[in-house]
Amino acid sequence: MFENKIVKEILARYQTLWALNHYQVLGSWDLNTYMPEAGASARGLAEAKLSVLKQKLFLDKEFVGLINALENESGLNDYEKAVGRVLKRALKQYEKLPPEFLEEWSKTTNEAHIVWKNAKKNNDFPSFAPLLEKIVKLCQQKAEYLGYPEHPYDALLDEYEEGWKTAEAESYFDSLRQPLKELFSRILASPRYLAEHPLEKEPYSEEKMRQLNQKVLEFLRYDPSSLRLDVSVHPFTEALSLKDVRITTWYHPQDFVRSLMATVHEFGHALYELQGAPELEFTPLAGGVSLGVHESQSRFWENLVARTPEFVNRFYSEITGLGENLAKYSAEEIVRYFNLVRPSLIRVEADELSYHFHIMLRFEIEKGLIEEKIKVKELPEVWRAKFKDYLGIVPETDTEGVLQDIHWSMGALGYFPTYSLGTSLSALWKASLEKELGEMSQLINDEGIAKIQAWLKQNLHQYGSTYVLKELLKRQLGKETVETQPLLDYLTKKYQQIYQL
Ligand code: MG
């Protein structure tokens, strides 16, 4: 895979950076699972020092010289080129953002995080507004420092989905907007529409849910020697190496589906990491390429596998055994519950369809802020107007509205679109996979799961970060655009059945 002399030298030197990163990931996993609370400030300090050390090692003259020398090399294969691309990208961050800017950035976002938390708690947007104004300015500055092809928001988007431009995101959302709005109103008008489902109030046994999560992971062919499941406040995945990936889930007094879907979702992220080519291990190409592509893997397993009738049938006796009252629900009723569509205020609780509306309005707001067409102080009002338009409901408080997400307090403008993108991509991979393997509904069994995983490995996972999204699409489907028709077809077909449209 790696033959070029310069690449080989880069990779040999890179191992120390890899090792530091390995321990940073371990620290982050520990912080979010088992660390005693009072350990936080020491961990924060250790983490900051390691980051500085990493930067120093990265900016070592000889190392930078090698990365730059790679640009003049000819005859590189795709993997060797990708090593250059990934390292150049990291170098650009270090070189183009001045230390004063980075200092200002971390000072502002650290403060903003605390202020946002309190503002959310007290429904007090005005207290957060001045910091958010500052963050928007810093994001504009960051875009100028980093440079962009057409629109300053390109630079922000690129941080989360490499190479995806504002204009492309815009036409992507344009092609989803009307069809999804129409499907949404047909569901809302259906006699089978349900605003609430009794299953969400049903208590369940945590012990039995743990057993079910375990059984589901076994069905998904997980290898306990390389993947572990723990519990955390918010579910997440951390990859330490090809043979050591950690996922977490959560448990609540009621509504078992939250735990189940979290486990399957994080498993999807984990599988992407676990199925990388062994040759990429310890190189900058190990691990998934971008947030959107990563999310396409988690959504694939969550939505396209775990929400299906076949999956529910497979685990029907375990599901109905989770709590005393659950036995009365039929498999069909459980599938209906897994696929409930309804307007909701909170993004993370939104269903598969209306979720895209939550993202569209955030994208429009972020772009408006960067273009200075929307002012921060108008945000609560803009939020309500957009909510009314997309979802037909309006939050009563800013806590449930513009203050709900952590992202803006972190300066992560450009992040949200990748959530919607990931879901669309999962439907794209599904359509592509079905051409080779047949209908997914026939594959939700032991043999089929193995085939799906082999397909994902062959077409996506093995490459790690070698190809950016556009290259993956081109290799897979012959063109670079994110087609939305597969998502629309899949959702329409599914809801036609469930809601008898
Ligand atoms: Mg995820």
# chains A, B, ... in the order shown; residues from 1 in each chain; ligands from 1
$ residues_near_ligand --ligand "ligand 1" --cutoff "12 Å" --atoms "only C-alpha atoms and all ligand atoms" --output "PyMOL selection string"
chain A and resi 234-238+247-249+261-270+272+290-302+348+416+418-423
$ write_last_selection --atoms "N, CA, C and O atoms" --output "short mmCIF file (atom, residue, chain, number, x, y, z; two decimals), in the first residue's frame"
data_model
loop_
_atom_site.label_atom_id
_atom_site.label_comp_id
_atom_site.auth_asym_id
_atom_site.auth_seq_id
_atom_site.Cartn_x
_atom_site.Cartn_y
_atom_site.Cartn_z
N HIS A 234 -24.55 10.64 27.55
CA HIS A 234 -24.97 10.65 26.15
C HIS A 234 -24.21 9.54 25.42
O HIS A 234 -23.01 9.44 25.59
N PRO A 235 -24.90 8.75 24.64
CA PRO A 235 -24.22 7.66 23.93
C PRO A 235 -23.15 8.19 22.97
O PRO A 235 -23.33 9.24 22.36
N PHE A 236 -22.04 7.48 22.85
CA PHE A 236 -20.97 7.88 21.92
C PHE A 236 -20.12 6.69 21.53
O PHE A 236 -20.23 5.61 22.12
N THR A 237 -19.24 6.90 20.56
CA THR A 237 -18.28 5.89 20.12
C THR A 237 -16.88 6.48 20.15
O THR A 237 -16.69 7.62 19.73
N GLU A 238 -15.92 5.73 20.65
CA GLU A 238 -14.52 6.14 20.56
C GLU A 238 -13.72 4.97 20.02
O GLU A 238 -13.85 3.84 20.51
N ILE A 247 -18.15 1.61 22.65
CA ILE A 247 -19.42 2.32 22.47
C ILE A 247 -20.15 2.41 23.79
O ILE A 247 -19.86 1.65 24.72
N THR A 248 -21.08 3.36 23.89
CA THR A 248 -21.89 3.45 25.10
C THR A 248 -23.36 3.55 24.72
O THR A 248 -23.72 3.88 23.60
N THR A 249 -24.19 3.23 25.69
CA THR A 249 -25.62 3.42 25.53
C THR A 249 -26.16 4.05 26.80
O THR A 249 -25.36 4.45 27.67
N MET A 261 -32.05 1.85 20.33
CA MET A 261 -31.58 2.56 19.14
C MET A 261 -30.19 3.16 19.36
O MET A 261 -29.38 3.22 18.44
N ALA A 262 -29.91 3.61 20.58
CA ALA A 262 -28.58 4.16 20.86
C ALA A 262 -27.52 3.07 20.67
O ALA A 262 -26.47 3.31 20.06
N THR A 263 -27.80 1.88 21.17
CA THR A 263 -26.84 0.78 21.04
C THR A 263 -26.58 0.47 19.57
O THR A 263 -25.42 0.35 19.14
N VAL A 264 -27.66 0.35 18.80
CA VAL A 264 -27.49 0.00 17.39
C VAL A 264 -26.81 1.14 16.63
O VAL A 264 -25.93 0.91 15.79
N HIS A 265 -27.20 2.38 16.94
CA HIS A 265 -26.60 3.55 16.28
C HIS A 265 -25.08 3.57 16.51
O HIS A 265 -24.30 3.67 15.57
N GLU A 266 -24.69 3.44 17.76
CA GLU A 266 -23.25 3.50 18.07
C GLU A 266 -22.53 2.28 17.49
O GLU A 266 -21.37 2.39 17.06
N PHE A 267 -23.21 1.15 17.43
CA PHE A 267 -22.60 -0.02 16.79
C PHE A 267 -22.24 0.30 15.34
O PHE A 267 -21.19 -0.11 14.83
N GLY A 268 -23.13 1.03 14.66
CA GLY A 268 -22.86 1.40 13.27
C GLY A 268 -21.59 2.24 13.14
O GLY A 268 -20.78 2.02 12.24
N HIS A 269 -21.42 3.20 14.06
CA HIS A 269 -20.18 3.98 14.07
C HIS A 269 -18.98 3.05 14.29
O HIS A 269 -17.94 3.17 13.65
N ALA A 270 -19.14 2.14 15.25
CA ALA A 270 -18.03 1.25 15.62
C ALA A 270 -17.61 0.35 14.46
O ALA A 270 -16.42 0.17 14.20
N TYR A 272 -17.75 0.82 11.32
CA TYR A 272 -16.97 1.59 10.33
C TYR A 272 -15.49 1.59 10.73
O TYR A 272 -14.59 1.39 9.92
N SER A 290 -15.29 11.30 7.49
CA SER A 290 -15.95 12.57 7.83
C SER A 290 -17.17 12.30 8.69
O SER A 290 -17.61 11.16 8.82
N LEU A 291 -17.72 13.38 9.23
CA LEU A 291 -18.89 13.23 10.09
C LEU A 291 -20.09 12.69 9.33
O LEU A 291 -20.82 11.84 9.82
N GLY A 292 -20.32 13.20 8.12
CA GLY A 292 -21.48 12.77 7.33
C GLY A 292 -21.40 11.30 6.98
O GLY A 292 -22.37 10.55 7.14
N VAL A 293 -20.24 10.86 6.54
CA VAL A 293 -20.08 9.46 6.16
C VAL A 293 -20.19 8.58 7.42
O VAL A 293 -20.81 7.51 7.39
N HIS A 294 -19.62 9.04 8.52
CA HIS A 294 -19.74 8.28 9.77
C HIS A 294 -21.20 8.15 10.18
O HIS A 294 -21.68 7.07 10.54
N GLU A 295 -21.91 9.26 10.12
CA GLU A 295 -23.32 9.23 10.52
C GLU A 295 -24.13 8.35 9.57
O GLU A 295 -25.14 7.76 9.97
N SER A 296 -23.68 8.23 8.34
CA SER A 296 -24.41 7.36 7.40
C SER A 296 -24.31 5.90 7.86
O SER A 296 -25.21 5.10 7.58
N GLN A 297 -23.26 5.55 8.55
CA GLN A 297 -23.10 4.19 9.04
C GLN A 297 -23.96 3.93 10.27
O GLN A 297 -24.59 2.88 10.39
N SER A 298 -23.99 4.90 11.19
CA SER A 298 -24.82 4.70 12.39
C SER A 298 -26.30 4.69 12.02
O SER A 298 -27.07 3.86 12.49
N ARG A 299 -26.69 5.59 11.13
CA ARG A 299 -28.10 5.66 10.72
C ARG A 299 -28.51 4.43 9.93
O ARG A 299 -29.66 4.01 9.96
N PHE A 300 -27.57 3.90 9.18
CA PHE A 300 -27.85 2.70 8.40
C PHE A 300 -28.37 1.58 9.32
O PHE A 300 -29.41 1.00 9.09
N TRP A 301 -27.63 1.33 10.37
CA TRP A 301 -28.01 0.23 11.27
C TRP A 301 -29.22 0.59 12.11
O TRP A 301 -30.09 -0.24 12.35
N GLU A 302 -29.27 1.83 12.54
CA GLU A 302 -30.39 2.25 13.38
C GLU A 302 -31.70 2.23 12.58
O GLU A 302 -32.66 1.56 12.95
N VAL A 348 -32.98 16.13 18.94
CA VAL A 348 -32.48 14.78 19.20
C VAL A 348 -33.61 13.78 19.44
O VAL A 348 -33.38 12.57 19.45
N PHE A 416 -24.19 20.93 11.81
CA PHE A 416 -25.54 20.36 11.69
C PHE A 416 -25.84 19.69 10.34
O PHE A 416 -26.45 18.62 10.33
N THR A 418 -24.31 17.86 8.49
CA THR A 418 -23.81 16.49 8.34
C THR A 418 -24.79 15.46 8.92
O THR A 418 -24.77 14.31 8.52
N TYR A 419 -25.64 15.88 9.85
CA TYR A 419 -26.62 14.94 10.41
C TYR A 419 -27.64 14.52 9.34
O TYR A 419 -27.98 13.35 9.21
N SER A 420 -28.13 15.51 8.61
CA SER A 420 -29.10 15.21 7.56
C SER A 420 -28.41 14.46 6.43
O SER A 420 -28.92 13.45 5.91
N LEU A 421 -27.25 14.93 6.08
CA LEU A 421 -26.46 14.29 5.02
C LEU A 421 -26.24 12.80 5.31
O LEU A 421 -26.43 11.94 4.45
N GLY A 422 -25.89 12.49 6.55
CA GLY A 422 -25.63 11.10 6.92
C GLY A 422 -26.84 10.21 6.68
O GLY A 422 -26.72 9.10 6.16
N THR A 423 -28.02 10.71 7.04
CA THR A 423 -29.24 9.93 6.84
C THR A 423 -29.49 9.68 5.36
O THR A 423 -29.85 8.58 4.95
#
$ select_by_dssp --residues "range 243-337 of chain A" --states "alpha helix (DSSP H)" --output "number ranges by chain"
A: 257-274, 291-299, 309-314, 316-320, 331-337
$ residues_around --residues "Lys328 in chain A" --least-positions-apart "6" --cutoff "12 Å" --atoms "only C-alpha atoms" --output "PyMOL selection string"
chain A and resi 198-199+202+316-317+319-322+334
$ closest_atom_pairs --of "range 37-151 of chain A" --to "range 9-23 of chain A" --cutoff "10 Å" --atoms "only C-alpha atoms" --output "JSON lines"
{"residue": "A:Glu47", "atom": "CA", "partner": "A:Tyr23", "partner_atom": "CA", "distance": 9.4}
{"residue": "A:Leu50", "atom": "CA", "partner": "A:Leu20", "partner_atom": "CA", "distance": 7.1}
{"residue": "A:Ser51", "atom": "CA", "partner": "A:Leu20", "partner_atom": "CA", "distance": 8.6}
{"residue": "A:Leu53", "atom": "CA", "partner": "A:Leu20", "partner_atom": "CA", "distance": 8.7}
{"residue": "A:Lys54", "atom": "CA", "partner": "A:Leu17", "partner_atom": "CA", "distance": 6.3}
{"residue": "A:Gln55", "atom": "CA", "partner": "A:Leu17", "partner_atom": "CA", "distance": 9.1}
{"residue": "A:Leu57", "atom": "CA", "partner": "A:Leu17", "partner_atom": "CA", "distance": 7.3}
{"residue": "A:Phe58", "atom": "CA", "partner": "A:Leu17", "partner_atom": "CA", "distance": 7.5}
{"residue": "A:Glu62", "atom": "CA", "partner": "A:Ile10", "partner_atom": "CA", "distance": 9.6}
{"residue": "A:Phe63", "atom": "CA", "partner": "A:Ile10", "partner_atom": "CA", "distance": 6.9}
{"residue": "A:Val64", "atom": "CA", "partner": "A:Ile10", "partner_atom": "CA", "distance": 9.3}
{"residue": "A:Gly65", "atom": "CA", "partner": "A:Ile10", "partner_atom": "CA", "distance": 9.9}
{"residue": "A:Leu66", "atom": "CA", "partner": "A:Ile10", "partner_atom": "CA", "distance": 6.6}
{"residue": "A:Ile67", "atom": "CA", "partner": "A:Ile10", "partner_atom": "CA", "distance": 7.3}
{"residue": "A:Leu70", "atom": "CA", "partner": "A:Ile10", "partner_atom": "CA", "distance": 9.5}
{"residue": "A:Val83", "atom": "CA", "partner": "A:Leu11", "partner_atom": "CA", "distance": 8.6}
{"residue": "A:Gly84", "atom": "CA", "partner": "A:Ile10", "partner_atom": "CA", "distance": 9.3}
{"residue": "A:Leu87", "atom": "CA", "partner": "A:Ile10", "partner_atom": "CA", "distance": 9.6}
$ residues_around --residues "Gly27 in chain A" --least-positions-apart "6" --cutoff "12 Å" --atoms "only C-alpha atoms" --output "VMD selection string"
chain A and resid 20 to 21 33 to 35 39 to 40 42 to 48 50 238 to 240
$ write_last_selection --atoms "C-alpha atoms" --output "tab-separated table (two decimals), in the first residue's frame"
chain	number	residue	atom	x	y	z
A	20	LEU	CA	-0.47	10.58	21.72
A	21	ASN	CA	-3.84	10.60	20.03
A	33	THR	CA	-17.64	6.76	31.52
A	34	TYR	CA	-15.81	5.93	34.75
A	35	MET	CA	-13.72	8.92	35.84
A	39	GLY	CA	-10.87	14.30	38.29
A	40	ALA	CA	-12.13	16.67	35.60
A	42	ALA	CA	-6.60	17.44	36.14
A	43	ARG	CA	-7.83	15.62	33.05
A	44	GLY	CA	-8.50	18.96	31.37
A	45	LEU	CA	-4.94	20.11	32.10
A	46	ALA	CA	-3.38	16.84	30.90
A	47	GLU	CA	-5.45	17.02	27.75
A	48	ALA	CA	-4.42	20.61	27.03
A	50	LEU	CA	-0.95	16.78	25.25
A	238	GLU	CA	-14.52	6.14	20.56
A	239	ALA	CA	-12.05	4.18	18.47
A	240	LEU	CA	-8.65	3.47	19.98
$ residues_around --residues "Leu188 in chain A" --least-positions-apart "4" --cutoff "12 Å" --atoms "only C-alpha atoms" --output "VMD selection string"
chain A and resid 181 to 184 192 to 195 340 to 343 353 to 354 391 to 392 495 499 to 501
$ decode --residues "range 24-140 of chain A" --atoms "C-alpha atoms" --output "compact mmCIF listing (two decimals), in the first residue's frame"
# COMPACT_ATOMS: atom_id res chain seq x y z
CA GLN A 24 -6.16 11.28 24.28
CA VAL A 25 -9.01 9.13 23.01
CA LEU A 26 -8.64 6.80 25.97
CA GLY A 27 -8.75 9.81 28.28
CA SER A 28 -11.87 11.09 26.63
CA TRP A 29 -13.58 7.69 26.89
CA ASP A 30 -12.64 7.44 30.54
CA LEU A 31 -13.82 11.00 31.22
CA ASN A 32 -17.25 10.14 29.85
CA THR A 33 -17.64 6.76 31.52
CA TYR A 34 -15.81 5.93 34.75
CA MET A 35 -13.72 8.92 35.84
CA PRO A 36 -14.63 10.26 39.29
CA GLU A 37 -16.18 13.68 38.79
CA ALA A 38 -13.50 15.55 40.72
CA GLY A 39 -10.87 14.30 38.29
CA ALA A 40 -12.13 16.67 35.60
CA SER A 41 -9.75 19.60 36.08
CA ALA A 42 -6.60 17.44 36.14
CA ARG A 43 -7.83 15.62 33.05
CA GLY A 44 -8.50 18.96 31.37
CA LEU A 45 -4.94 20.11 32.10
CA ALA A 46 -3.38 16.84 30.90
CA GLU A 47 -5.45 17.02 27.75
CA ALA A 48 -4.42 20.61 27.03
CA LYS A 49 -0.73 19.79 27.54
CA LEU A 50 -0.95 16.78 25.25
CA SER A 51 -2.58 18.91 22.56
CA VAL A 52 0.26 21.42 22.74
CA LEU A 53 2.81 18.61 22.55
CA LYS A 54 1.03 17.14 19.54
CA GLN A 55 1.06 20.48 17.79
CA LYS A 56 4.77 20.86 18.49
CA LEU A 57 5.55 17.43 17.12
CA PHE A 58 3.38 18.04 14.09
CA LEU A 59 5.04 21.35 13.31
CA ASP A 60 8.52 19.86 13.56
CA LYS A 61 10.43 21.33 10.61
CA GLU A 62 11.50 18.01 9.17
CA PHE A 63 8.03 16.54 9.41
CA VAL A 64 6.46 19.60 7.74
CA GLY A 65 9.21 19.46 5.12
CA LEU A 66 8.31 15.86 4.31
CA ILE A 67 4.60 16.68 4.02
CA ASN A 68 5.36 19.56 1.66
CA ALA A 69 7.85 17.49 -0.33
CA LEU A 70 5.11 14.96 -0.99
CA GLU A 71 3.31 17.49 -3.18
CA ASN A 72 6.02 17.25 -5.82
CA GLU A 73 6.08 13.46 -5.88
CA SER A 74 4.67 11.78 -8.94
CA GLY A 75 3.24 8.30 -9.36
CA LEU A 76 1.69 8.14 -5.91
CA ASN A 77 -1.12 5.65 -5.45
CA ASP A 78 -4.47 6.67 -3.91
CA TYR A 79 -3.39 5.75 -0.37
CA GLU A 80 -0.15 7.68 -0.61
CA LYS A 81 -1.94 10.72 -2.03
CA ALA A 82 -4.47 10.51 0.76
CA VAL A 83 -1.72 10.57 3.41
CA GLY A 84 -0.61 13.88 1.90
CA ARG A 85 -4.17 15.21 1.75
CA VAL A 86 -5.01 14.38 5.37
CA LEU A 87 -1.76 15.74 6.81
CA LYS A 88 -1.84 18.86 4.65
CA ARG A 89 -5.32 19.55 5.95
CA ALA A 90 -4.16 19.27 9.56
CA LEU A 91 -1.15 21.42 8.77
CA LYS A 92 -3.38 24.10 7.27
CA GLN A 93 -5.26 24.39 10.56
CA TYR A 94 -2.02 24.81 12.47
CA GLU A 95 -0.43 27.19 10.00
CA LYS A 96 -3.32 29.41 9.01
CA LEU A 97 -4.92 30.07 12.36
CA PRO A 98 -2.70 32.49 14.33
CA PRO A 99 -2.04 31.71 18.02
CA GLU A 100 -3.86 34.91 19.14
CA PHE A 101 -6.91 33.78 17.22
CA LEU A 102 -6.83 30.29 18.73
CA GLU A 103 -6.47 31.76 22.18
CA GLU A 104 -9.44 34.06 21.63
CA TRP A 105 -11.40 31.14 20.20
CA SER A 106 -10.84 28.84 23.15
CA LYS A 107 -11.41 31.62 25.69
CA THR A 108 -14.70 32.61 24.07
CA THR A 109 -16.04 29.09 23.55
CA ASN A 110 -15.08 28.00 27.09
CA GLU A 111 -16.96 30.94 28.52
CA ALA A 112 -19.82 30.49 26.08
CA HIS A 113 -20.30 26.89 27.11
CA ILE A 114 -20.97 27.84 30.72
CA VAL A 115 -23.11 30.85 29.84
CA TRP A 116 -25.11 28.78 27.35
CA LYS A 117 -25.76 26.07 29.96
CA ASN A 118 -27.17 28.61 32.37
CA ALA A 119 -29.07 30.46 29.67
CA LYS A 120 -30.69 27.20 28.63
CA LYS A 121 -31.54 26.34 32.22
CA ASN A 122 -33.06 29.77 32.89
CA ASN A 123 -34.64 30.35 29.48
CA ASP A 124 -32.49 33.46 29.14
CA PHE A 125 -31.36 33.94 25.54
CA PRO A 126 -30.27 37.59 26.03
CA SER A 127 -27.51 36.48 28.44
CA PHE A 128 -26.05 34.19 25.75
CA ALA A 129 -26.52 36.56 22.81
CA PRO A 130 -23.36 38.70 23.23
CA LEU A 131 -21.15 35.61 23.31
CA LEU A 132 -22.91 34.10 20.33
CA GLU A 133 -22.32 37.35 18.45
CA LYS A 134 -18.65 37.01 19.25
CA ILE A 135 -18.64 33.39 18.13
CA VAL A 136 -20.23 34.29 14.80
CA LYS A 137 -17.52 36.94 14.29
CA LEU A 138 -14.83 34.40 15.16
CA CYS A 139 -16.32 31.93 12.68
CA GLN A 140 -16.27 34.60 9.99
